[in-house]
Amino acid sequence: MSNSISDISDRKRLENDLRLSERKYRRIFEGSKDMILIISENGAIKDVNQAGVDLLGYESKTELLELKSVEEIYENPKHWQVFQKHIQRDGFFKDFEAGFTKKDGTRLHCLLSGTADRGKDGKITGYESIAKDITARMDAIRSFRKRHWELWLLNSVAFAMNKAQDLDEILDTALKKVLEVLKLSSGGIFLIDHDKPGFSLRVQKGLTEGDGTRIPRIVLDDEPLMNSLLKRNLTLDPEPIFPPFKATLKEGGTGNCAELTCFLITEKKRASGFLAFVVPPDRDLTTGQDYHLLGSLGNFLGGAIENARLLQAVRENREDLKRLTAKLFHSQEEERKRIARELHDEAGQALTGISFTLETIEKGLSTESDYVKELIADAKKQMNRTYQEVRRMSYSLHPALLTDLGLEPALESYLSSVSRHSVLDIDFKMVGFEGRVDPAIETVLYRLSQEALTNVLKHSRAKHFRLSIIKGYPQIIFLAEDDGIGFVSNEFDKTKHGLGLLSMKERAAMLGGNFSLRSSPGEGTRIRIEIPVTEETRD
């Protein structure tokens with residue numbers, strides 16, 4: 001009897017414990033902020049907590065339980081199959097990223113874990129799964145990745161700008177990178193050409209086909225906007241991003257058309273062009289972070305285009321200046337030759353004629369005219385000094401030796417003359433010249449030598465001067481060195497040395513050469529010029 005009473009007591013205690021456990025489980029089940037699903041073996045939802053109802057956006061638990069299968073709430077039904085396979089294999093499932101579809105069609109990103117319910121025979125009778133909502137976290141991660149891609153894109157374009165000054169190369173880099181970021185396959189960059197007027201396709205990928213002989217034509221759907229963009233005097237108030245617009249690209253002669261979504265490129269209140277993309281129907285670039293990315297890129301490219309155009313203008317101006325300088329030096333040399341020739345031929349011959357006339361007069365004088373003969377002798381001496389000065393001036397303007405015999409004999413004669421009339425020790429050598437070189441190069445090298453030596457004599461107080469001209473391939477190297485007082489080399493154009501050194505720099509640039517100067521107070525001066533050996537150079 002006592003055993004029966006004991007059994008009843010144990011049973012009641014077990015029943016109380018079971019009810020207590022069920023109440024605790026129910027409190028946990030209903031109180032959890034994560035979605036908890038009880039699922040039958042065939043996939044029917046047997047129970048769901050209130051958090052699950054709220055997260056999935058249903059009106060009530062009953063509405064959820066009426067679904068035929070849990071697959072209906074999975075964004076990808078294969079995730080449910082993966083869930084089952086893992087539990088059958090391992091007995092549990094932990095932290096699997098899965099997407100659920102809410103009642104309104106939006107996506108719920110969850111971290112899914114689960115276990116199996118088993119019968120007495122050990123067979124699976126159902127499943128319990130817990131889904132933790134990580135949608136906000138994944139949105140933040142996606143936002144971070146988008147921002148990372150945006151910075152990567154802008155950095156790539158900036159790197160291209162630093163590496164190359166060619167506008168098409170910069171635009172091509174920008175287009176390839178933005179297509180990669182946006183995961184698009186076709187697009188292009190159009191620049192506004194006010195001279196035509198029209199829009200020129202500068203770079204593209206996937207927009208046109210064929211050999212490029214058919215020029216594509218783009219037409220903006222908004223005709224007033226198109227007309228406004230083609231006006232030279234159009235000014236725009238700065239905006240982080242301007243509204244996108246639609247356009248149609250027509251490939252000449254083929255009838256092929258492409259619908260494009262376009263984003264304006266601007267710089268300093270001016271429109272430079274626009275980015276254009278072929279966008280799939282299910283894709284929208286006019287909202288969200290893609291939209292802001294294209295706004296940043298449009299402003300960034302506007303500055304890049306303006307900088308590239310300014311650099312191109314500077315390069316063209318430099319080329320014009322180089323041509324004008326070359327023409328000026330050529331005219332100067334021709335004028336020097338003319339004056340030297342006239343001094344030698346006209347003035348020299350006139351002085352010689354006067355000298356002969358004085359000799360004739362002298363011979364006709366009587367023996368009593370000693371005073372007159374002395375005057376004539378003095379006049380002849382003055383005539384001879386004047387003749388020598390005219391010859392010196394003629395040689396200084398353009399030495400005949402340079403034209404007749406070449407650079408080395410002309411420089412040896414010039415340097416020897418300077419050495420005889422100064423205390424400067426001059427060391428000169430030419431290496432690698434087996435024959436004559438182009439007359440223009442000979443003239444420039446001669447003038448460079450003159451200018452370098454003139455600066456040394458006027459300013460350096462040097463005792464030694466070394467001049468070396470070395471011909472190799474692909475350049476001629478000109479070296480002028482002295483042991484004088486030197487100066488601050490990066491300020492040479494502000495000192496008394498300036499005009500001469502700038503003249504040397506311009507003469508070198510005229511032949512495509514590089515000029516470098518090294519000097520410091522008390523350390524002397526070293527000038528190195530490298531002149532390319534062109535096809536015009538003749539041995």
# chains A, B, ... in the order shown; residues from 1 in each chain; ligands from 1

$ residues_around --residues "A:Ala98" --least-positions-apart "3" --cutoff "8 Å" --atoms "only C-alpha atoms" --output "compact mmCIF listing (two decimals) with C-alpha atoms, in the first residue's frame"
# COMPACT_ATOMS: atom_id res chain seq x y z
CA TYR A 74 12.77 31.03 -47.16
CA GLU A 75 14.15 33.44 -49.74
CA HIS A 79 18.50 26.82 -47.64
CA HIS A 109 18.68 38.34 -43.18
CA CYS A 110 19.12 35.85 -40.31
CA LEU A 111 21.69 33.70 -38.59
CA LEU A 112 20.06 30.25 -38.39

$ closest_residue --among "A:Ile39, A:Met504, A:Ala304, A:Ile189" --to "A:Leu264" --atoms "only C-alpha atoms"
A:Ile189

$ closest_residue --among "A:Leu311, A:Ser416, A:Gly295, A:Val444" --to "A:Ala509" --atoms "only C-alpha atoms"
A:Val444

$ residues_around --residues "stretch 375-379 of chain A" --least-positions-apart "5" --cutoff "12 Å" --atoms "only C-alpha atoms" --output "PyMOL selection string"
chain A and resi 351+354-363+365+369-370+384-386

$ residues_around --residues "A:Ile45" --least-positions-apart "4" --cutoff "8 Å" --atoms "only C-alpha atoms" --output "ChimeraX atom specification"
/A:37-40,64-65,67-70

$ write_last_selection --atoms "C-alpha atoms" --output "mmCIF file, in the first residue's frame"
data_model
loop_
_atom_site.group_PDB
_atom_site.id
_atom_site.type_symbol
_atom_site.label_atom_id
_atom_site.label_comp_id
_atom_site.auth_asym_id
_atom_site.auth_seq_id
_atom_site.Cartn_x
_atom_site.Cartn_y
_atom_site.Cartn_z
ATOM 1 C CA LEU A 37 10.112 27.832 -35.335
ATOM 2 C CA ILE A 38 8.823 24.341 -34.544
ATOM 3 C CA ILE A 39 8.677 22.418 -37.807
ATOM 4 C CA SER A 40 7.349 18.966 -38.623
ATOM 5 C CA LEU A 64 1.848 31.815 -40.416
ATOM 6 C CA LEU A 65 0.722 28.345 -39.383
ATOM 7 C CA LEU A 67 1.403 28.166 -44.754
ATOM 8 C CA LYS A 68 1.849 24.794 -46.443
ATOM 9 C CA SER A 69 5.593 24.611 -45.832
ATOM 10 C CA VAL A 70 8.376 26.498 -44.195
#

$ residues_around --residues "A:Pro521" --least-positions-apart "2" --cutoff "8 Å" --atoms "only C-alpha atoms" --output "CSV table (one decimal) with C-alpha atoms, in the first residue's frame"
chain,number,residue,atom,x,y,z
A,485,ILE,CA,83.0,80.5,-55.8
A,486,GLY,CA,79.7,78.9,-56.9
A,487,PHE,CA,76.2,80.1,-55.9
A,488,VAL,CA,72.8,78.8,-54.7
A,519,SER,CA,76.4,74.5,-57.6
A,523,GLU,CA,82.0,74.5,-54.2
A,524,GLY,CA,82.2,75.6,-57.8

$ select_by_dssp --residues "stretch 198-286 of chain A" --states "alpha helix (DSSP H)" --output "VMD selection string"
chain A and resid 223 to 229

$ residues_around --residues "A:Met430" --least-positions-apart "2" --cutoff "6 Å" --atoms "only C-alpha atoms" --output "VMD selection string"
chain A and resid 468 to 470

$ write_last_selection --atoms "C-alpha atoms" --output "mmCIF file, in the first residue's frame"
data_model
loop_
_atom_site.group_PDB
_atom_site.id
_atom_site.type_symbol
_atom_site.label_atom_id
_atom_site.label_comp_id
_atom_site.auth_asym_id
_atom_site.auth_seq_id
_atom_site.Cartn_x
_atom_site.Cartn_y
_atom_site.Cartn_z
ATOM 1 C CA SER A 468 83.918 67.906 -72.078
ATOM 2 C CA ILE A 469 81.673 67.027 -75.002
ATOM 3 C CA ILE A 470 81.014 63.297 -75.312
#

$ select_by_dssp --residues "stretch 22-78 of chain A" --states "strand (DSSP E or B)" --output "list in words"
Met35, Ile36, Leu37, Ile38, Ile39, Ser40, Ile45, Lys46, Asp47, Val48 and Tyr74 of chain A

$ residues_around --residues "stretch 115-117 of chain A" --least-positions-apart "6" --cutoff "12 Å" --atoms "only C-alpha atoms" --output "PyMOL selection string"
chain A and resi 36-41+83-95+123-130

$ closest_residue --among "A:Lys196, A:Arg107, A:Met35, A:Arg315" --to "A:Lys61" --atoms "only C-alpha atoms"
A:Met35

$ closest_residue --among "A:Leu108, A:Val418, A:Val437, A:Met510" --to "A:Thr454" --atoms "only C-alpha atoms"
A:Val418

$ atom_distance --atom1 "atom CA of A:Lys250" --atom2 "atom CA of A:Arg217"
5.2 Å

$ atom_distance --atom1 "atom CA of A:Ser60" --atom2 "atom CA of A:Lys102"
13.3 Å

$ closest_residue --among "A:Lys33, A:Arg309, A:Lys46, A:Lys103" --to "A:Glu72" --atoms "only C-alpha atoms"
A:Lys103

$ atom_distance --atom1 "atom CA of A:Ile192" --atom2 "atom CA of A:Ala271"
7.7 Å

$ closest_residue --among "A:Ile265, A:Glu180, A:Lys327, A:Leu511" --to "A:Asp438" --atoms "only C-alpha atoms"
A:Leu511
